[in-house]
Amino acid sequence: MQKNQQIILGIDPGTLMMGYGLIAIDGSHVEMLEMNILKLSTKKDHYERLSLIHEKVTALIRKFHPHQCAIEAPFFGKNVQSMLKLGRAQGVAIAAAMQAGIPVTEYAPRKIKQSITGNGNAGKDQVWSMLQRIIFIKDRPRYFDASDALAVAICHHFQSSSPIAKASAKTITVVTARKKLKAWEEFLDNNPHRIRQG
């Protein structure tokens with residue numbers, strides 16, 4: 001691995017199938033390192049599957065040493081039990097990354113599609129087509145969970161390298177500092193007896 005390379009691990013969490021994709025960024029060049037799925041047996045109980053998710057994410061971290069991790073946020077559906085299980089799967093993946101000291105960023109499905117295709121309602125085929133153009137890959141994945149995870153990683157790269165995102169982060173810092181200063185000034189105005197003359 002080159003010194004200036006940044007490696008991002010993207011995860012599409014699932015209770016029966018977890019997609020993962022890793023990219024390496026060197027300047028403006030984006031290279032795919034790996035894209036695949038972890039298929040979980042329906043014969044295993046939910047807790048065993050959670051353990052396997054944790055093990056897989058930990059193994060990927062040991063192998064590739066990613067600098068950052070990006071994960072897709074659960075899509076809110078009507079089935080509460082499914083949502084609960086999906087949230088647990090996501091939580092276990094996040095815990096594995098955080099345990100290794102890797103910062104984690106979560107993205108909504110719509111945000112990922114918007115970032116890759118320019119359309120938040122894009123279909124999986126459209127997302128895959130754009131991924132092929134971005135990183136020049138030919139082989140279509142057997143499961144879209146893998147390409148979805150790759151899209152999460154690339155979305156994070158786009159968001160973190162965007163001048164708008166960087167400017168926004170700086171603006172938030174300045175605004176926060178101003179609010180703190182204003183709060184301090186208000187405190188002094190309301191409590192003149194607390195001011196000591198040197």
# chains A, B, ... in the order shown; residues from 1 in each chain; ligands from 1
$ select_by_dssp --residues "segment 8-166 of chain A" --states "strand (DSSP E or B)" --output "PyMOL selection string"
chain A and resi 8-12+17-26+29-39+68-72+104-107
$ select_by_dssp --residues "segment 52-159 of chain A" --states "helix (DSSP H, G or I)" --output "compact mmCIF listing (two decimals) with C-alpha atoms, in the first residue's frame"
# COMPACT_ATOMS: atom_id res chain seq x y z
CA LEU A 52 -20.30 -13.84 11.73
CA ILE A 53 -20.86 -10.25 10.56
CA HIS A 54 -18.56 -8.99 13.32
CA GLU A 55 -15.92 -11.59 12.41
CA LYS A 56 -16.05 -10.72 8.70
CA VAL A 57 -15.75 -6.96 9.21
CA THR A 58 -12.86 -7.54 11.64
CA ALA A 59 -11.13 -9.82 9.09
CA LEU A 60 -11.53 -7.21 6.33
CA ILE A 61 -10.04 -4.55 8.59
CA ARG A 62 -7.05 -6.77 9.40
CA LYS A 63 -6.48 -7.55 5.73
CA PHE A 64 -6.90 -4.11 4.15
CA VAL A 80 -40.71 -3.63 12.65
CA GLN A 81 -39.04 -7.00 13.28
CA SER A 82 -37.07 -6.79 10.03
CA MET A 83 -36.00 -3.26 10.89
CA LEU A 84 -34.86 -4.34 14.33
CA LYS A 85 -32.76 -7.20 12.90
CA LEU A 86 -31.26 -4.98 10.21
CA GLY A 87 -30.40 -2.34 12.80
CA ARG A 88 -28.60 -4.96 14.86
CA ALA A 89 -26.63 -6.14 11.82
CA GLN A 90 -25.62 -2.56 11.10
CA GLY A 91 -24.71 -1.97 14.75
CA VAL A 92 -22.44 -5.02 14.87
CA ALA A 93 -20.59 -3.89 11.71
CA ILE A 94 -20.19 -0.38 13.16
CA ALA A 95 -18.93 -1.80 16.47
CA ALA A 96 -16.28 -3.89 14.68
CA ALA A 97 -14.97 -0.81 12.85
CA MET A 98 -15.03 1.40 15.93
CA GLN A 99 -13.30 -1.30 17.98
CA PRO A 109 -29.81 5.01 0.54
CA ARG A 110 -31.14 8.06 -1.28
CA LYS A 111 -27.97 10.04 -0.54
CA ILE A 112 -25.80 7.23 -1.93
CA LYS A 113 -27.80 7.02 -5.17
CA GLN A 114 -27.75 10.81 -5.51
CA SER A 115 -23.99 10.89 -5.00
CA ILE A 116 -23.29 8.18 -7.58
CA THR A 117 -25.88 8.87 -10.28
CA LYS A 124 -29.61 -0.66 -8.83
CA ASP A 125 -28.78 -1.12 -12.52
CA GLN A 126 -28.25 2.62 -12.91
CA VAL A 127 -25.99 2.70 -9.85
CA TRP A 128 -23.97 -0.24 -11.18
CA SER A 129 -23.65 1.38 -14.61
CA MET A 130 -22.19 4.54 -13.05
CA LEU A 131 -19.83 2.53 -10.83
CA GLN A 132 -18.43 0.88 -13.96
CA ARG A 133 -17.62 4.31 -15.39
CA ILE A 134 -16.12 5.63 -12.18
CA ILE A 135 -13.73 2.75 -11.48
CA PHE A 144 -26.30 -6.12 -5.99
CA ASP A 145 -25.50 -6.12 -2.26
CA ALA A 146 -21.81 -6.12 -3.26
CA SER A 147 -22.13 -3.24 -5.73
CA ASP A 148 -24.32 -1.34 -3.25
CA ALA A 149 -21.49 -1.57 -0.70
CA LEU A 150 -19.01 -0.33 -3.28
CA ALA A 151 -21.36 2.59 -3.97
CA VAL A 152 -21.36 3.43 -0.24
CA ALA A 153 -17.55 3.60 -0.23
CA ILE A 154 -17.44 5.79 -3.34
CA CYS A 155 -20.22 8.01 -1.98
CA HIS A 156 -18.11 8.59 1.13
CA HIS A 157 -15.08 9.43 -1.01
CA PHE A 158 -17.13 11.95 -3.00
CA GLN A 159 -18.63 13.50 0.13
$ residues_around --residues "segment 33-41 of chain A" --least-positions-apart "2" --cutoff "6 Å" --atoms "only C-alpha atoms" --output "PDB file with C-alpha atoms, in the first residue's frame"
ATOM      1  CA  LEU A  16     -28.885 -12.746   5.410  1.00  0.00           C
ATOM      2  CA  MET A  17     -26.437 -11.026   3.073  1.00  0.00           C
ATOM      3  CA  MET A  18     -23.911  -8.327   3.849  1.00  0.00           C
ATOM      4  CA  GLY A  19     -22.273  -6.572   0.929  1.00  0.00           C
ATOM      5  CA  TYR A  20     -18.820  -5.070   1.251  1.00  0.00           C
ATOM      6  CA  GLY A  21     -16.575  -3.084  -1.047  1.00  0.00           C
ATOM      7  CA  LEU A  22     -13.142  -1.574  -0.562  1.00  0.00           C
ATOM      8  CA  ILE A  23     -11.572   1.199  -2.571  1.00  0.00           C
ATOM      9  CA  LYS A  43     -30.254 -22.237   9.419  1.00  0.00           C
ATOM     10  CA  LYS A  44     -28.162 -20.190  11.849  1.00  0.00           C
ATOM     11  CA  ALA A 146     -21.811  -6.124  -3.258  1.00  0.00           C
TER      12      ALA A 146
END
$ atom_distance --atom1 "atom CA of Ser28 of chain A" --atom2 "atom CA of His65 of chain A"
20.2 Å
$ atom_distance --atom1 "atom CA of Val104 of chain A" --atom2 "atom CA of Arg49 of chain A"
21.2 Å
$ closest_residue --among "A:Ala100, A:Ala24, A:Ile8, A:Ala108" --to "Pro66 of chain A" --atoms "only C-alpha atoms"
A:Ile8
$ closest_residue --among "A:Asn121, A:Thr105, A:Ser160, A:Asn190" --to "Ile11 of chain A" --atoms "only C-alpha atoms"
A:Thr105
$ atom_distance --atom1 "atom CA of Leu9 of chain A" --atom2 "atom CA of Val30 of chain A"
12.9 Å
$ residues_around --residues "Glu106 of chain A" --least-positions-apart "5" --cutoff "8 Å" --atoms "only C-alpha atoms" --output "ChimeraX atom specification"
/A:70-73
